Structures are given as structure tokens and as C-alpha cells.
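For reference, entry02.txt (compact mmCIF, C-alpha atoms and all ligand atoms):
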```
# COMPACT_ATOMS: atom_id res chain seq x y z
CA MET B 1 -60.98 -43.83 -22.75
CA THR B 2 -60.05 -41.21 -20.16
CA ALA B 3 -62.47 -40.55 -17.29
CA ARG B 4 -64.46 -37.34 -17.61
CA ASN B 5 -63.91 -34.71 -14.99
CA ILE B 6 -66.97 -32.88 -13.63
CA SER B 7 -64.78 -29.83 -13.01
CA ARG B 8 -64.89 -29.32 -16.81
CA PHE B 9 -68.63 -30.05 -17.11
CA TRP B 10 -69.06 -27.43 -19.87
CA GLU B 11 -67.08 -29.65 -22.24
CA TRP B 12 -69.54 -32.53 -21.91
CA GLY B 13 -72.23 -31.11 -24.21
CA ARG B 14 -74.97 -31.42 -21.60
CA LYS B 15 -78.13 -29.39 -21.13
CA ILE B 16 -78.29 -25.86 -19.73
CA ILE B 17 -81.72 -25.42 -18.14
CA CYS B 18 -82.58 -21.86 -17.15
CA VAL B 19 -85.19 -20.56 -14.72
CA GLY B 20 -86.76 -17.17 -15.40
CA ARG B 21 -88.33 -14.65 -13.00
CA ASN B 22 -87.17 -16.48 -9.88
CA TYR B 23 -86.55 -13.24 -7.97
CA ALA B 24 -89.50 -10.93 -7.30
CA ASP B 25 -87.35 -7.78 -7.47
CA HIS B 26 -86.16 -8.67 -10.98
CA ALA B 27 -89.66 -9.60 -12.21
CA LYS B 28 -90.81 -6.21 -10.88
CA GLU B 29 -88.05 -4.20 -12.60
CA LEU B 30 -89.15 -5.65 -15.97
CA ASN B 31 -92.87 -5.27 -15.15
CA ASN B 32 -93.35 -9.03 -15.30
CA ALA B 33 -95.92 -10.96 -13.26
CA LEU B 34 -94.62 -13.25 -10.50
CA PRO B 35 -94.64 -16.90 -11.59
CA THR B 36 -96.78 -19.47 -9.80
CA GLU B 37 -94.66 -22.28 -11.33
CA PRO B 38 -91.03 -22.09 -12.55
CA ILE B 39 -90.56 -20.60 -16.03
CA LEU B 40 -88.04 -22.74 -17.93
CA PHE B 41 -86.00 -22.25 -21.09
CA LEU B 42 -82.87 -23.87 -22.53
CA LYS B 43 -79.48 -22.82 -23.81
CA PRO B 44 -77.32 -25.12 -25.99
CA PRO B 45 -73.81 -26.14 -24.83
CA SER B 46 -72.42 -23.84 -27.56
CA ALA B 47 -73.59 -20.95 -25.34
CA TYR B 48 -70.74 -21.62 -22.87
CA VAL B 49 -67.81 -19.24 -22.73
CA THR B 50 -65.07 -19.34 -20.12
CA GLU B 51 -62.71 -16.66 -18.80
CA GLY B 52 -60.12 -15.54 -21.34
CA SER B 53 -62.63 -15.49 -24.21
CA PRO B 54 -65.01 -12.56 -24.83
CA ILE B 55 -68.78 -12.31 -24.62
CA LEU B 56 -70.00 -11.48 -28.14
CA VAL B 57 -72.94 -9.13 -28.69
CA PRO B 58 -75.08 -10.86 -31.34
CA PHE B 59 -75.12 -8.94 -34.62
CA TYR B 60 -78.93 -8.62 -34.50
CA SER B 61 -79.14 -7.01 -31.04
CA SER B 62 -78.52 -3.49 -29.77
CA ASN B 63 -79.53 -4.12 -26.15
CA LEU B 64 -77.56 -6.99 -24.59
CA HIS B 65 -78.18 -7.39 -20.84
CA HIS B 66 -76.21 -9.15 -18.11
CA GLU B 67 -78.02 -11.40 -15.63
CA VAL B 68 -75.82 -12.83 -12.87
CA GLU B 69 -77.05 -16.21 -11.61
CA LEU B 70 -76.05 -19.14 -9.43
CA GLY B 71 -75.56 -22.26 -11.57
CA VAL B 72 -76.16 -25.70 -10.08
CA VAL B 73 -74.06 -28.50 -11.60
CA ILE B 74 -75.74 -31.91 -11.57
CA GLY B 75 -73.48 -34.74 -10.40
CA LYS B 76 -75.97 -37.62 -10.40
CA GLY B 77 -78.77 -37.84 -12.94
CA GLY B 78 -82.36 -38.73 -12.26
CA THR B 79 -86.03 -38.46 -13.15
CA ALA B 80 -88.72 -37.28 -10.73
CA ILE B 81 -86.18 -36.59 -7.98
CA SER B 82 -87.80 -35.81 -4.64
CA GLN B 83 -87.07 -32.48 -2.95
CA SER B 84 -85.64 -34.34 0.03
CA ASN B 85 -83.08 -36.16 -2.18
CA ALA B 86 -82.42 -33.25 -4.53
CA MET B 87 -79.17 -32.00 -3.01
CA ASP B 88 -77.65 -35.51 -3.30
CA HIS B 89 -77.77 -34.95 -7.08
CA VAL B 90 -75.67 -31.77 -6.92
CA ALA B 91 -71.92 -31.98 -7.63
CA GLY B 92 -71.26 -28.29 -7.23
CA TYR B 93 -71.92 -24.83 -8.55
CA ALA B 94 -70.73 -22.25 -11.07
CA LEU B 95 -71.18 -18.52 -11.21
CA CYS B 96 -73.02 -17.85 -14.48
CA LEU B 97 -74.28 -15.01 -16.63
CA ASP B 98 -77.52 -15.45 -18.54
CA MET B 99 -76.69 -12.96 -21.31
CA THR B 100 -79.96 -11.78 -22.81
CA ALA B 101 -80.68 -9.81 -25.99
CA ARG B 102 -83.41 -7.81 -24.27
CA ASP B 103 -84.64 -6.05 -27.42
CA ILE B 104 -85.10 -9.40 -29.14
CA GLN B 105 -86.71 -10.94 -26.06
CA GLU B 106 -89.27 -8.10 -25.89
CA ASP B 107 -90.01 -8.57 -29.60
CA CYS B 108 -90.42 -12.36 -29.15
CA LYS B 109 -92.70 -11.80 -26.14
CA SER B 110 -94.92 -9.37 -28.04
CA LYS B 111 -95.24 -11.83 -30.94
CA GLY B 112 -95.70 -14.91 -28.73
CA LEU B 113 -92.48 -16.43 -30.11
CA PRO B 114 -89.90 -18.52 -28.19
CA TRP B 115 -86.88 -16.78 -26.62
CA THR B 116 -84.21 -18.77 -28.48
CA LEU B 117 -82.70 -15.82 -30.37
CA ALA B 118 -82.66 -13.74 -27.17
CA LYS B 119 -81.14 -16.32 -24.86
CA ALA B 120 -79.35 -19.14 -26.70
CA PHE B 121 -76.79 -17.46 -28.99
CA ASN B 122 -73.06 -18.29 -28.89
CA THR B 123 -71.41 -16.94 -25.68
CA SER B 124 -74.78 -16.33 -23.97
CA CYS B 125 -73.63 -18.40 -20.97
CA PRO B 126 -70.34 -17.13 -19.49
CA ILE B 127 -69.31 -19.32 -16.55
CA SER B 128 -66.75 -19.41 -13.76
CA GLU B 129 -64.62 -22.35 -12.79
CA PHE B 130 -66.47 -25.31 -11.24
CA ILE B 131 -67.11 -24.74 -7.51
CA PRO B 132 -67.18 -28.00 -5.52
CA LYS B 133 -70.33 -28.44 -3.42
CA GLU B 134 -68.44 -28.21 -0.11
CA ARG B 135 -67.39 -24.62 -0.87
CA ILE B 136 -70.99 -23.38 -0.74
CA PRO B 137 -72.56 -25.15 2.25
CA ASP B 138 -75.79 -23.10 2.03
CA PRO B 139 -76.53 -22.30 -1.65
CA GLY B 140 -79.90 -20.93 -0.56
CA ASN B 141 -78.20 -18.03 1.21
CA VAL B 142 -75.26 -16.61 -0.74
CA THR B 143 -74.77 -13.18 -2.24
CA LEU B 144 -74.14 -12.76 -5.98
CA TRP B 145 -72.82 -9.50 -7.42
CA LEU B 146 -71.87 -8.05 -10.77
CA LYS B 147 -69.98 -4.89 -11.79
CA VAL B 148 -69.71 -3.29 -15.23
CA ASN B 149 -66.53 -1.22 -15.62
CA ASP B 150 -66.13 -1.26 -11.82
CA GLN B 151 -69.68 -0.01 -11.15
CA LEU B 152 -71.90 -2.29 -9.08
CA ARG B 153 -75.06 -3.21 -11.01
CA GLN B 154 -76.34 -6.37 -9.31
CA ASN B 155 -76.09 -7.48 -5.69
CA GLY B 156 -78.64 -10.04 -4.56
CA CYS B 157 -78.96 -13.00 -2.22
CA THR B 158 -80.17 -16.45 -3.27
CA ALA B 159 -82.41 -16.39 -0.16
CA GLN B 160 -84.68 -14.16 -2.29
CA MET B 161 -85.39 -16.94 -4.80
CA ILE B 162 -89.09 -17.68 -5.22
CA PHE B 163 -88.40 -21.40 -5.95
CA SER B 164 -85.60 -23.04 -3.94
CA ILE B 165 -82.85 -25.19 -5.46
CA PRO B 166 -84.35 -28.49 -4.15
CA PHE B 167 -87.76 -27.49 -5.50
CA LEU B 168 -86.28 -26.62 -8.91
CA ILE B 169 -84.34 -29.90 -9.19
CA SER B 170 -87.47 -31.85 -8.29
CA TYR B 171 -89.76 -29.82 -10.58
CA ILE B 172 -87.41 -29.91 -13.60
CA SER B 173 -86.58 -33.61 -13.27
CA LYS B 174 -90.27 -34.55 -13.50
CA ILE B 175 -90.31 -32.96 -16.98
CA ILE B 176 -86.72 -33.28 -18.25
CA THR B 177 -84.48 -36.10 -17.03
CA LEU B 178 -81.40 -34.60 -15.41
CA GLU B 179 -78.00 -36.01 -16.38
CA GLU B 180 -74.56 -35.74 -14.87
CA GLY B 181 -72.98 -32.53 -16.20
CA ASP B 182 -76.26 -30.65 -16.72
CA LEU B 183 -76.35 -27.07 -15.44
CA ILE B 184 -79.36 -25.28 -13.93
CA LEU B 185 -79.31 -21.47 -14.00
CA THR B 186 -81.46 -20.39 -11.08
CA GLY B 187 -82.54 -16.90 -12.17
CA THR B 188 -81.27 -13.39 -11.63
CA PRO B 189 -81.84 -10.75 -8.95
CA LYS B 190 -82.61 -7.12 -9.86
CA GLY B 191 -80.16 -4.73 -11.49
CA VAL B 192 -79.95 -6.14 -15.02
CA SER B 193 -78.70 -3.54 -17.51
CA ALA B 194 -77.18 -3.12 -20.94
CA VAL B 195 -73.54 -3.81 -21.79
CA GLN B 196 -71.57 -2.32 -24.69
CA GLU B 197 -68.62 -3.41 -26.78
CA HIS B 198 -65.35 -3.02 -24.78
CA ASP B 199 -67.12 -3.16 -21.39
CA GLU B 200 -65.46 -5.20 -18.66
CA LEU B 201 -67.69 -7.36 -16.49
CA GLN B 202 -66.67 -8.68 -13.10
CA ALA B 203 -68.91 -10.94 -11.03
CA GLY B 204 -68.60 -12.90 -7.82
CA ILE B 205 -70.12 -15.03 -5.12
CA GLU B 206 -69.17 -13.61 -1.71
CA ASP B 207 -65.61 -14.71 -0.91
CA VAL B 208 -65.98 -17.92 -2.94
CA ILE B 209 -65.15 -16.89 -6.51
CA THR B 210 -64.83 -14.01 -8.95
CA MET B 211 -64.73 -13.98 -12.75
CA ASN B 212 -63.97 -11.42 -15.47
CA PHE B 213 -65.20 -11.09 -19.05
CA LYS B 214 -64.78 -8.53 -21.81
CA VAL B 215 -67.52 -7.70 -24.28
CA ASN B 216 -66.91 -7.69 -28.04
CA ARG B 217 -69.30 -7.29 -30.94
CA LYS B 218 -70.01 -10.12 -33.36
CA ASN B 219 -70.09 -8.90 -36.95
CA GLN B 220 -72.45 -11.25 -38.81
C1 LIG B 301 -86.97 -11.97 -18.06
C2 LIG B 301 -85.89 -12.96 -18.14
O1 LIG B 301 -85.03 -12.83 -18.99
C3 LIG B 301 -85.96 -14.11 -17.24
C4 LIG B 301 -84.67 -14.58 -16.69
O2 LIG B 301 -83.84 -15.10 -17.40
C5 LIG B 301 -84.39 -14.41 -15.27
O3 LIG B 301 -83.29 -14.77 -14.85
O4 LIG B 301 -85.26 -13.92 -14.52
MG MG B 302 -81.93 -15.31 -16.40
```

Would you mind giving the structure from this file in C-alpha cells?
Ligand SMILES: CC(=O)CC(=O)C(=O)O
Ligand SMILES: [Mg+2]
Amino acid sequence: MTARNISRFWEWGRKIICVGRNYADHAKELNNALPTEPILFLKPPSAYVTEGSPILVPFYSSNLHHEVELGVVIGKGGTAISQSNAMDHVAGYALCLDMTARDIQEDCKSKGLPWTLAKAFNTSCPISEFIPKERIPDPGNVTLWLKVNDQLRQNGCTAQMIFSIPFLISYISKIITLEEGDLILTGTPKGVSAVQEHDELQAGIEDVITMNFKVNRKNQ
């Protein structure tokens, strides 16, 4: 059996654990209350899409939003990890989009239903290449940005997160055991907006990485 390579973590079929409303400016733009504890939801590994393949608008949505986020790739699993040890469990990072069918999410929220249809569809998690840990020495202070058709829509710093990366790793691992190859999406800053078929998305982390995706529509 060949050894698995963490730099292709998305092929391992591991969990994608997402944090919602982790930036006050984004919670405010959607008129959401600030969380007192992390808000968690999941995406399946079938949500991954890598550069070269398109993001597909789900057939049941007419308001698909981009959310640029820093992804934390777990390199060493654990349960009830302490905040002081948390960064020892990180292998690296990925630039991620938490694609969200906002119309469906609003409908689910109003009916008290889970967000699965809004957040977990195929191609709802576009990701960059794996970024080794050493390339982002301070993940709590990097700028993420996203452009749609060359127009800047999001530009936020991870220093604005309400819950820090060590806190999130510790909090999540008390509830859900973290495994090597899991990915944590740490929430989005303000500026989320709708994308349309044929749009071109470009996103980046400072001078560390950029990625490009096209948007297509899924017909049934
Ligand atoms: C309102 C949301 O969709 C929450 C979320 O995903 C976020 O990043 O914040
Ligand atoms: Mg999000």
C-alpha cells in the first residue's frame, strides 16, 4: 500500500467541519447575532472541488454566494485537544470557499431546518493547493481576499476572527474527534455576494497563494 500524502488531503474522504459567523462584520451584514460559542456545520468530502473544475450552482438555488475562508488541515488527530497543544495538530492550510445557497439557507433558517441543502452540495467546497504550515507562520493574522470578474468583493484579516484557531481546534475536538486529513473552515469575513453562471472567481492569501474557479450551472 502506498503512503498517503497530506498534500492531497481532499482525496482521503475525511471530515470538513465549518465554523459560521466567526467574523463580526459578516454576522452584521447578514443581520445575524454574534455567537457566544462556535456555530458548527459539516460538508461531505464530495463537496471538494479543485482548480481546473468548475463550481456548479445547484439546480434548486438562484442565489449562490461565495464565502472566502482560511482552511486548517489537521495533521495529527485527537480528542479534547488543549488550546496550548492545538497548533501541534495542524499540518497546514488551504484557501477555501464555503459556497452557500443563500436563498435555501434563509428558507431553512425560517423553518428551523438544517443547512445541508444550502452548504453541503457537490462543489460547495472549492480549495487551493495544500499550504504547508511553515508558509503561514501566523495564521491568526493573514489577509484573505476574493474577486468576482476582477472586482474585489472580500478582503478581511483572520485577526478579526471571534474564535481563534487554537480555540476552535480545542472546542471542536471535545465534540468531534479530529483525524489526520480533516479540514476546518474558519468562517468568512464580510463582503459575501451572489455569483452567476460564467463568473470567474479569484481568491488569495496575501503573497502565499491564489486560486481561480469558474462558475457553471448544474441542470438537475
Ligand atoms: C451565515 C453563514 O453562512 C455562516 C458561515 O458559513 C460563515 O462563514 O460565517
Ligand atoms: Mg462560511

- Expressed in Å, the length from atom CA of B:Cys125 to atom CA of B:Asn85 is 27.5 Å

- Message: At a cut-off of 9 Å and counting only C-alpha atoms and all ligand atoms, what residues surround ligand LIG 301 (chain B)? Please answer as a PyMOL selection string.
- Response: chain B and resi 18-24+26-27+30+32+39-41+65+67-69+98-102+105+115+118-119+185-190

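The environment of B:Lys15 within 9 Å, counting all atoms listed in the file and disregarding residues fewer than 3 places along the same chain, consists of Leu42, Lys43, Pro44, Pro45, Leu178, Glu179, Gly181, Asp182, Leu183 and Ile184 of chain B.
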
- Note on the structure: Restricting to all atoms listed in the file, whichever of B:Pro58, B:Pro38, B:Pro137, B:Pro126 is closest to B:Gln202 is B:Pro126

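The interatomic distance for the pair atom CA of B:Ile74 and atom CA of B:Leu56 works out to 26.9 Å.
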
- Query: Can you tell me, as a ChimeraX atom specification, what residues are no more than 8 Å from B:Ser173 when counting only C-alpha atoms, ignoring any on the same chain fewer than 6 positions away?
  - Reply: /B:78-81

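Between B:Leu34 and the residues B:Phe213, B:Phe163, B:Trp145, B:Phe130, the shortest atom-to-atom distance, using only C-alpha atoms, involves B:Phe163.
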